[in-house]
>>> print(open('start_33.tsv').read())   # TSV, C-alpha atoms
chain	number	residue	atom	x	y	z
A	164	MET	CA	99.74	116.50	142.13
A	165	GLY	CA	97.71	117.04	145.28
A	166	ARG	CA	95.91	114.33	147.20
A	167	TRP	CA	92.64	116.23	146.73
A	168	GLU	CA	92.62	115.38	143.02
A	169	PRO	CA	92.60	111.60	142.85
A	170	ASP	CA	93.23	110.45	139.26
A	171	ALA	CA	92.82	113.99	137.95
A	172	ARG	CA	94.50	112.99	134.70
A	173	GLY	CA	92.12	110.11	134.05
A	174	ARG	CA	89.07	112.18	135.01
A	175	LEU	CA	90.13	114.97	132.65
A	176	ALA	CA	90.64	112.54	129.78
A	177	LYS	CA	87.24	110.96	130.37
A	178	ALA	CA	85.50	114.34	130.59
A	179	ALA	CA	87.25	115.56	127.43
A	180	LEU	CA	86.25	112.50	125.43
A	181	ALA	CA	82.65	112.78	126.56
A	182	LEU	CA	82.50	116.45	125.57
A	183	TYR	CA	84.24	115.91	122.23
A	184	ALA	CA	81.65	113.25	121.42
A	185	GLU	CA	78.70	115.36	122.58
A	186	ARG	CA	79.62	118.77	121.18
A	187	GLY	CA	82.43	118.14	118.76
A	188	TYR	CA	86.14	118.61	119.36
A	189	GLU	CA	86.29	122.15	117.92
A	190	GLN	CA	83.45	123.42	120.09
A	191	THR	CA	84.84	122.12	123.37
A	192	THR	CA	86.94	124.38	125.58
A	193	VAL	CA	89.46	123.50	128.27
A	194	ALA	CA	87.27	125.35	130.78
A	195	GLU	CA	84.37	123.01	129.97
A	196	ILE	CA	86.56	119.93	130.26
A	197	ALA	CA	87.85	121.01	133.66
A	198	LYS	CA	84.33	121.82	134.86
A	199	ARG	CA	82.95	118.47	133.73
A	200	ALA	CA	85.78	116.72	135.55
A	201	GLY	CA	85.10	118.78	138.70
A	202	LEU	CA	88.58	120.32	138.48
A	203	THR	CA	90.12	123.69	137.64
A	204	GLU	CA	91.64	124.84	134.36
A	205	ARG	CA	94.90	125.17	136.22
A	206	THR	CA	94.77	121.49	137.06
A	207	PHE	CA	94.04	120.69	133.42
A	208	PHE	CA	97.18	122.51	132.33
A	209	ARG	CA	99.25	120.67	134.91
A	210	HIS	CA	98.37	117.47	133.06
A	211	TYR	CA	97.96	118.46	129.41
A	212	ALA	CA	99.42	121.20	127.23
A	213	ASP	CA	96.11	121.71	125.39
A	214	LYS	CA	92.90	119.93	124.47
A	215	ARG	CA	94.57	118.05	121.62
A	216	GLU	CA	97.16	116.63	123.98
A	217	VAL	CA	94.41	114.70	125.80
A	218	LEU	CA	94.00	112.56	122.70
A	219	PHE	CA	97.69	112.01	121.99
A	220	ALA	CA	99.23	111.80	125.44
A	221	GLY	CA	99.73	108.06	125.05
A	222	SER	CA	101.77	108.26	121.82
A	223	GLY	CA	105.04	109.15	123.49
A	224	GLU	CA	104.71	106.27	125.93
A	225	LEU	CA	103.88	103.86	123.12
A	226	GLU	CA	106.84	104.95	121.01
A	227	GLU	CA	109.22	104.75	123.95
A	228	LEU	CA	108.07	101.28	124.93
A	229	PHE	CA	108.22	100.03	121.35
A	230	VAL	CA	111.72	101.41	120.77
A	231	ARG	CA	113.04	100.14	124.09
A	232	ALA	CA	111.83	96.60	123.42
A	233	VAL	CA	113.35	96.56	119.92
A	234	ALA	CA	116.63	98.02	121.16
A	235	GLY	CA	116.70	95.49	124.01
A	236	ALA	CA	116.10	92.37	121.92
A	237	PRO	CA	119.11	90.00	121.88
A	238	GLU	CA	121.67	91.02	119.26
A	239	SER	CA	121.49	87.62	117.64
A	240	VAL	CA	117.79	87.73	116.69
A	241	ALA	CA	116.55	88.55	113.19
A	242	THR	CA	115.20	92.05	112.48
A	243	LEU	CA	111.63	90.83	112.36
A	244	ASP	CA	111.97	89.12	115.73
A	245	ALA	CA	113.32	92.31	117.30
A	246	LEU	CA	110.31	94.18	115.91
A	247	THR	CA	107.98	91.46	117.14
A	248	ALA	CA	109.37	91.98	120.64
A	249	GLY	CA	108.42	95.64	120.28
A	250	LEU	CA	104.93	94.82	119.01
A	251	ASP	CA	104.38	92.41	121.89
A	252	ALA	CA	105.51	95.04	124.38
A	253	VAL	CA	103.09	97.70	123.14
A	254	ALA	CA	100.23	95.23	122.85
A	255	GLU	CA	100.21	95.11	126.65
A	256	LEU	CA	99.36	98.82	126.79
A	257	PHE	CA	95.93	98.21	125.35
A	258	ALA	CA	94.53	95.83	127.91
A	259	ASP	CA	91.76	97.93	129.47
A	260	ARG	CA	91.40	100.80	127.09
A	261	ARG	CA	89.20	99.57	124.28
A	262	GLU	CA	86.14	101.72	124.97
A	263	PHE	CA	88.27	104.80	125.49
A	264	ALA	CA	90.17	104.04	122.27
A	265	ARG	CA	86.93	103.61	120.32
A	266	ARG	CA	85.58	106.96	121.49
A	267	ARG	CA	88.92	108.59	120.83
A	268	HIS	CA	88.99	107.15	117.32
A	269	ALA	CA	85.53	108.51	116.53
A	270	VAL	CA	86.63	112.00	117.58
A	271	ILE	CA	89.81	111.82	115.52
A	272	THR	CA	88.06	110.49	112.42
A	273	ALA	CA	85.67	113.46	112.48
A	274	ASN	CA	88.44	116.09	112.40
A	275	ALA	CA	91.00	116.62	109.63
A	276	GLU	CA	93.62	118.21	111.88
A	277	LEU	CA	93.42	115.29	114.31
A	278	ARG	CA	93.64	112.74	111.50
A	279	GLU	CA	96.82	114.47	110.34
A	280	ARG	CA	98.20	114.40	113.85
A	281	GLU	CA	97.54	110.64	113.97
A	282	LEU	CA	99.47	110.18	110.71
A	283	ILE	CA	102.37	112.23	112.08
A	284	LYS	CA	102.42	110.05	115.17
A	285	LEU	CA	102.76	106.90	113.06
A	286	ALA	CA	105.44	108.49	110.86
A	287	SER	CA	107.35	109.46	113.97
A	288	LEU	CA	107.10	105.90	115.26
A	289	ALA	CA	108.43	104.54	111.96
A	290	ALA	CA	111.34	106.99	112.03
A	291	ALA	CA	112.21	106.06	115.63
A	292	LEU	CA	112.11	102.35	114.82
A	293	THR	CA	114.26	102.89	111.72
A	294	ASP	CA	116.89	104.62	113.86
A	295	THR	CA	116.75	101.83	116.40
A	296	LEU	CA	117.25	99.15	113.76
A	297	ARG	CA	120.17	101.08	112.26
A	298	SER	CA	121.74	101.19	115.73
A	299	ARG	CA	121.36	97.42	115.79
A	300	GLY	CA	123.42	97.26	112.61
A	301	VAL	CA	120.56	96.74	110.13
A	302	ALA	CA	121.49	98.28	106.76
A	303	GLU	CA	119.26	100.43	104.54
A	304	PRO	CA	116.81	99.97	102.94
A	305	ALA	CA	116.06	96.97	105.17
A	306	ALA	CA	115.87	99.11	108.33
A	307	SER	CA	113.32	101.54	106.88
A	308	LEU	CA	111.24	98.84	105.26
A	309	ALA	CA	111.16	96.68	108.36
A	310	ALA	CA	110.17	99.67	110.49
A	311	GLU	CA	107.40	100.71	108.09
A	312	ALA	CA	106.14	97.12	107.95
A	313	ALA	CA	106.04	96.90	111.76
A	314	VAL	CA	104.08	100.17	111.96
A	315	ALA	CA	101.65	98.82	109.36
A	316	VAL	CA	101.18	95.67	111.44
A	317	PHE	CA	100.49	97.79	114.52
A	318	LYS	CA	98.15	100.16	112.67
A	319	ILE	CA	96.02	97.43	111.11
A	320	ALA	CA	95.86	95.44	114.36
A	321	PHE	CA	94.79	98.59	116.20
A	322	GLU	CA	92.09	99.39	113.64
A	323	ARG	CA	90.71	95.88	114.04
A	324	TRP	CA	90.95	96.05	117.82
A	325	ILE	CA	88.70	99.12	117.95
A	326	ALA	CA	86.25	97.86	115.32
A	327	PRO	CA	82.66	97.44	116.58
A	328	ALA	CA	82.01	94.01	118.08
A	329	GLU	CA	85.68	93.00	118.00
A	330	GLU	CA	86.50	91.28	121.28
A	331	ARG	CA	89.86	89.63	120.74
A	332	PRO	CA	92.71	91.18	122.73
A	333	MET	CA	95.38	93.32	121.09
A	334	PRO	CA	98.21	90.74	121.39
A	335	GLU	CA	96.14	88.25	119.39
A	336	LEU	CA	95.31	90.82	116.71
A	337	ILE	CA	98.93	91.87	116.44
A	338	ARG	CA	99.98	88.25	115.95
A	339	GLU	CA	97.28	87.82	113.32
A	340	SER	CA	98.32	90.99	111.53
A	341	LEU	CA	101.96	89.90	111.54
A	342	ALA	CA	101.07	86.47	110.19
A	343	GLU	CA	99.03	88.07	107.39
A	344	LEU	CA	101.89	90.35	106.43
A	345	LYS	CA	104.23	87.37	106.23
A	346	ALA	CA	101.71	85.44	104.13
A	347	VAL	CA	101.18	88.36	101.74
A	348	THR	CA	104.86	89.11	101.24
A	349	SER	CA	105.71	85.46	100.73
A	350	GLY	CA	103.34	85.56	97.76
A	351	ALA	CA	100.50	83.54	99.28
B	347	MET	CA	95.04	126.61	76.94
B	348	GLY	CA	96.17	129.09	74.31
B	349	ARG	CA	98.93	128.46	71.83
B	350	TRP	CA	100.74	131.54	73.15
B	351	GLU	CA	101.58	129.68	76.39
B	352	PRO	CA	103.64	126.66	75.37
B	353	ASP	CA	104.08	124.32	78.35
B	354	ALA	CA	102.66	126.92	80.73
B	355	ARG	CA	102.10	124.22	83.33
B	356	GLY	CA	105.69	123.03	83.28
B	357	ARG	CA	107.06	126.59	83.30
B	358	LEU	CA	104.89	127.48	86.30
B	359	ALA	CA	106.05	124.41	88.21
B	360	LYS	CA	109.69	125.17	87.46
B	361	ALA	CA	109.32	128.83	88.46
B	362	ALA	CA	107.50	127.88	91.67
B	363	LEU	CA	110.18	125.37	92.70
B	364	ALA	CA	112.93	127.89	92.05
B	365	LEU	CA	111.20	130.54	94.15
B	366	TYR	CA	110.34	128.14	96.99
B	367	ALA	CA	114.02	127.20	97.15
B	368	GLU	CA	115.27	130.81	96.97
B	369	ARG	CA	112.79	132.56	99.27
B	370	GLY	CA	111.01	129.81	101.12
B	371	TYR	CA	107.58	128.36	100.37
B	372	GLU	CA	105.71	130.62	102.81
B	373	GLN	CA	107.21	133.80	101.41
B	374	THR	CA	106.42	133.06	97.77
B	375	THR	CA	103.22	134.40	96.21
B	376	VAL	CA	101.32	133.18	93.16
B	377	ALA	CA	101.93	136.59	91.55
B	378	GLU	CA	105.68	136.05	91.84
B	379	ILE	CA	105.47	132.54	90.42
B	380	ALA	CA	103.49	133.76	87.42
B	381	LYS	CA	105.88	136.65	86.86
B	382	ARG	CA	108.96	134.41	87.02
B	383	ALA	CA	107.34	132.08	84.48
B	384	GLY	CA	106.49	135.02	82.22
B	385	LEU	CA	102.78	134.31	82.59
B	386	THR	CA	99.77	135.88	84.29
B	387	GLU	CA	98.19	134.94	87.62
B	388	ARG	CA	95.09	134.03	85.66
B	389	THR	CA	97.09	131.47	83.73
B	390	PHE	CA	98.48	130.13	87.00
B	391	PHE	CA	94.96	129.52	88.31
B	392	ARG	CA	93.96	127.77	85.11
B	393	HIS	CA	96.60	125.16	85.93
B	394	TYR	CA	96.77	125.01	89.75
B	395	ALA	CA	94.29	125.73	92.52
B	396	ASP	CA	96.96	127.33	94.72
B	397	LYS	CA	100.70	127.36	95.33
B	398	ARG	CA	100.60	124.11	97.30
B	399	GLU	CA	98.95	122.33	94.40
B	400	VAL	CA	102.11	122.86	92.31
B	401	LEU	CA	103.89	120.43	94.62
B	402	PHE	CA	101.16	117.80	94.80
B	403	ALA	CA	99.65	117.89	91.31
B	404	GLY	CA	101.29	114.56	90.47
B	405	SER	CA	99.78	112.62	93.40
B	406	GLY	CA	96.39	112.10	91.80
B	407	GLU	CA	97.97	110.77	88.63
B	408	LEU	CA	100.22	108.44	90.60
B	409	GLU	CA	97.35	107.05	92.66
B	410	GLU	CA	95.18	106.54	89.59
B	411	LEU	CA	97.90	104.74	87.68
B	412	PHE	CA	98.78	102.56	90.68
B	413	VAL	CA	95.16	101.59	91.33
B	414	ARG	CA	94.42	100.92	87.67
B	415	ALA	CA	97.38	98.58	87.31
B	416	VAL	CA	96.45	96.65	90.47
B	417	ALA	CA	92.80	96.42	89.43
B	418	GLY	CA	93.83	95.28	85.95
B	419	ALA	CA	96.20	92.50	87.01
B	420	PRO	CA	94.94	89.02	86.04
B	421	GLU	CA	92.50	87.62	88.57
B	422	SER	CA	94.63	84.56	89.07
B	423	VAL	CA	97.75	86.32	90.35
B	424	ALA	CA	98.68	86.55	94.03
B	425	THR	CA	98.02	89.79	95.92
B	426	LEU	CA	101.69	90.70	95.98
B	427	ASP	CA	102.00	90.23	92.23
B	428	ALA	CA	99.03	92.50	91.61
B	429	LEU	CA	100.66	95.16	93.79
B	430	THR	CA	103.96	94.65	92.00
B	431	ALA	CA	102.19	95.40	88.72
B	432	GLY	CA	101.07	98.68	90.30
B	433	LEU	CA	104.55	99.50	91.57
B	434	ASP	CA	106.03	98.79	88.14
B	435	ALA	CA	103.45	101.03	86.50
B	436	VAL	CA	104.16	104.03	88.74
B	437	ALA	CA	107.93	103.52	88.49
B	438	GLU	CA	107.65	104.63	84.85
B	439	LEU	CA	106.34	108.03	85.97
B	440	PHE	CA	109.70	108.94	87.47
B	441	ALA	CA	111.91	108.61	84.43
B	442	ASP	CA	112.97	112.23	83.86
B	443	ARG	CA	111.95	113.94	87.04
B	444	ARG	CA	114.72	113.27	89.51
B	445	GLU	CA	116.08	116.83	89.80
B	446	PHE	CA	112.57	118.27	90.08
B	447	ALA	CA	111.72	115.65	92.71
B	448	ARG	CA	114.86	116.44	94.72
B	449	ARG	CA	114.09	120.16	94.78
B	450	ARG	CA	110.46	119.46	95.61
B	451	HIS	CA	111.52	117.19	98.47
B	452	ALA	CA	113.79	119.88	99.95
B	453	VAL	CA	110.89	122.36	99.94
B	454	ILE	CA	108.51	119.87	101.56
B	455	THR	CA	110.98	118.81	104.22
B	456	ALA	CA	111.39	122.43	105.32
B	457	ASN	CA	107.67	122.99	105.95
B	458	ALA	CA	105.51	121.17	108.51
B	459	GLU	CA	102.24	121.72	106.64
B	460	LEU	CA	103.73	120.28	103.45
B	461	ARG	CA	105.17	117.28	105.30
B	462	GLU	CA	101.69	116.58	106.64
B	463	ARG	CA	100.24	116.88	103.17
B	464	GLU	CA	102.79	114.32	101.95
B	465	LEU	CA	101.74	111.91	104.71
B	466	ILE	CA	98.08	112.39	103.80
B	467	LYS	CA	98.89	111.61	100.18
B	468	LEU	CA	100.49	108.31	101.17
B	469	ALA	CA	97.60	107.44	103.50
B	470	SER	CA	95.18	108.15	100.68
B	471	LEU	CA	97.17	105.88	98.37
B	472	ALA	CA	97.09	103.07	100.95
B	473	ALA	CA	93.32	103.47	101.36
B	474	ALA	CA	92.75	103.40	97.60
B	475	LEU	CA	94.89	100.27	97.23
B	476	THR	CA	93.08	98.59	100.12
B	477	ASP	CA	89.74	99.21	98.39
B	478	THR	CA	91.12	97.89	95.12
B	479	LEU	CA	92.38	94.70	96.75
B	480	ARG	CA	89.03	94.18	98.48
B	481	SER	CA	87.34	94.52	95.10
B	482	ARG	CA	89.66	91.78	93.90
B	483	GLY	CA	88.33	89.55	96.66
B	484	VAL	CA	91.22	89.88	99.10
B	485	ALA	CA	89.93	89.55	102.68
B	486	GLU	CA	90.87	91.73	105.66
B	487	PRO	CA	93.33	92.20	107.26
B	488	ALA	CA	95.34	90.93	104.29
B	489	ALA	CA	94.08	93.70	101.98
B	490	SER	CA	95.04	96.52	104.36
B	491	LEU	CA	98.39	95.00	105.23
B	492	ALA	CA	99.33	94.30	101.63
B	493	ALA	CA	98.35	97.86	100.64
B	494	GLU	CA	100.36	99.40	103.50
B	495	ALA	CA	103.35	97.22	102.63
B	496	ALA	CA	103.19	98.29	98.97
B	497	VAL	CA	103.06	101.96	99.98
B	498	ALA	CA	106.08	101.39	102.25
B	499	VAL	CA	107.96	99.81	99.33
B	500	PHE	CA	107.11	102.81	97.16
B	501	LYS	CA	107.98	105.34	99.86
B	502	ILE	CA	111.38	103.85	100.67
B	503	ALA	CA	112.28	103.38	96.99
B	504	PHE	CA	111.31	107.00	96.33
B	505	GLU	CA	113.40	108.27	99.26
B	506	ARG	CA	116.40	106.39	97.91
B	507	TRP	CA	115.75	107.58	94.36
B	508	ILE	CA	115.98	111.24	95.41
B	509	ALA	CA	118.96	110.72	97.73
B	510	PRO	CA	122.07	112.70	96.73
B	511	ALA	CA	124.32	110.83	94.29
B	512	GLU	CA	121.78	108.03	93.73
B	513	GLU	CA	121.70	107.27	90.00
B	514	ARG	CA	119.82	104.01	89.70
B	515	PRO	CA	116.41	104.33	88.04
B	516	MET	CA	113.18	104.06	90.01
B	517	PRO	CA	112.15	100.62	88.67
B	518	GLU	CA	115.40	99.14	89.98
B	519	LEU	CA	114.99	100.78	93.39
B	520	ILE	CA	111.40	99.57	93.63
B	521	ARG	CA	112.50	96.03	92.89
B	522	GLU	CA	115.26	96.31	95.48
B	523	SER	CA	112.85	97.69	98.05
B	524	LEU	CA	110.36	94.91	97.37
B	525	ALA	CA	113.08	92.26	97.66
B	526	GLU	CA	114.21	93.73	100.99
B	527	LEU	CA	110.66	93.69	102.35
B	528	LYS	CA	110.32	90.03	101.41
B	529	ALA	CA	113.66	89.23	103.01
B	530	VAL	CA	112.78	91.04	106.23
B	531	THR	CA	109.32	89.51	106.60
B	532	SER	CA	110.60	86.03	105.87
B	533	GLY	CA	112.83	86.46	108.92
B	534	ALA	CA	116.14	86.85	107.10
>>> encode(input="start_33.tsv", output="structure tokens")
Amino acid sequence: MGRWEPDARGRLAKAALALYAERGYEQTTVAEIAKRAGLTERTFFRHYADKREVLFAGSGELEELFVRAVAGAPESVATLDALTAGLDAVAELFADRREFARRRHAVITANAELRERELIKLASLAAALTDTLRSRGVAEPAASLAAEAAVAVFKIAFERWIAPAEERPMPELIRESLAELKAVTSGA
Amino acid sequence: MGRWEPDARGRLAKAALALYAERGYEQTTVAEIAKRAGLTERTFFRHYADKREVLFAGSGELEELFVRAVAGAPESVATLDALTAGLDAVAELFADRREFARRRHAVITANAELRERELIKLASLAAALTDTLRSRGVAEPAASLAAEAAVAVFKIAFERWIAPAEERPMPELIRESLAELKAVTSGA
């Protein structure tokens, strides 16, 4: 990417979110996003496959980071501890993105196709974590259940993190969510 | 429904599944389903809104039964026990449907739109259970986490139930799945 487009990717994402909020996701075109960002359509397509991709570009990174941390946890640790290592790793991703995430969430909630895409993303994460646990020697159905539980912990922590007025950082909310899951499943 | 159409609903479902498996879901028309069942299109539409509905007609019933059992559990029981009452209630639904469920699953797996619909169904179930737990006085994030965990237990038990060569009944697989979740979250 050329030096004449500093942070083109970030500017495009910001412009897209602003337009989705103002006009609605369906009504916004790539041409308008590029214009708002002061860039060309061609530049847009160097960074994103389409306008939906702007909203989901982070999912691949999140999944990769999560899986890598689980796969890299010491062999000796319990399944839940390996997953906790993954949760801790992804929590770091969310440090400065709360306002962006809130706006993104509002856009997604308003559109059925985007809500479905969000569900697919979480299902894909659960499948990837299941595979990773199996590679670590975890048997079924424990691998699938542990993966689904970890995704639930992430999902609920994320929903709380973007809730209006919530100020606690993601790592704290993930720890809280994990503690609640343990309490619930232990019959508390 | 007229007496001249005994079990029209069941015959339509069976005919639809057979055609989806033979020709593919996309290529099958309502006219063909009705013809195969020896019924009219008009009769089809008295029972199902469209050809997709044949595959998902049971979801509403399942959600209703699950929610009712959770809502009806004694006030004094722990959250997990209330959810277990719901899981036990829906397990009964699956008594004689394994072959139908296996064929249905094969059709759904082969089609992206249907896989999304299946994910939406599970998300809807989790949301309904969350609301039910809140009504029972369970605070957040415990309500959401417990609901997501119960849906995961159901989902994994169901996937095992329809696996080739699996013969154990659904109630047993649900209990196994629940026990595994407890083991995993307790750090076993």
>>> interface_residues(input="start_33.tsv", of="chain B", to="chain A", cutoff="9 Å", atoms="all atoms listed in the file", output="ChimeraX atom specification")
/B:424-427,461-463,465-466,469,487-492,494-495,498-499,502-503,506,522-524,526-534
>>> atom_distance(input="start_33.tsv", atom1="CA of Ser287 in chain A", atom2="CA of Thr478 in chain B")
27.4 Å
>>> closest_residue(input="start_33.tsv", among="B:Leu358, B:Ala428, B:Ala472, B:Ala367", to="Glu387 in chain B", atoms="only C-alpha atoms")
B:Leu358
>>> closest_residue(input="start_33.tsv", among="A:Ala254, A:Ala236, A:Val270, A:Ala220", to="Tyr188 in chain A", atoms="all atoms listed in the file")
A:Val270
>>> residues_around(input="start_33.tsv", residues="Arg209 in chain A", least_positions_apart="3", cutoff="12 Å", atoms="only C-alpha atoms", output="short mmCIF file (atom, residue, chain, number, x, y, z; two decimals) with C-alpha atoms, in the coordinates of the input")
data_model
loop_
_atom_site.label_atom_id
_atom_site.label_comp_id
_atom_site.auth_asym_id
_atom_site.auth_seq_id
_atom_site.Cartn_x
_atom_site.Cartn_y
_atom_site.Cartn_z
CA MET A 164 99.74 116.50 142.13
CA GLY A 165 97.71 117.04 145.28
CA GLU A 168 92.62 115.38 143.02
CA ALA A 171 92.82 113.99 137.95
CA ARG A 172 94.50 112.99 134.70
CA LEU A 175 90.13 114.97 132.65
CA ALA A 197 87.85 121.01 133.66
CA LEU A 202 88.58 120.32 138.48
CA THR A 203 90.12 123.69 137.64
CA GLU A 204 91.64 124.84 134.36
CA ARG A 205 94.90 125.17 136.22
CA THR A 206 94.77 121.49 137.06
CA ALA A 212 99.42 121.20 127.23
CA ASP A 213 96.11 121.71 125.39
CA GLU A 216 97.16 116.63 123.98
CA VAL A 217 94.41 114.70 125.80
#
>>> residues_near_point(input="start_33.tsv", point="(102.3, 116.5, 93.5)", cutoff="12 Å", atoms="all atoms listed in the file", output="PyMOL selection string")
chain B and resi 359+363+394+397-409+443+446-447+450-451+454+460+463-464+466-468
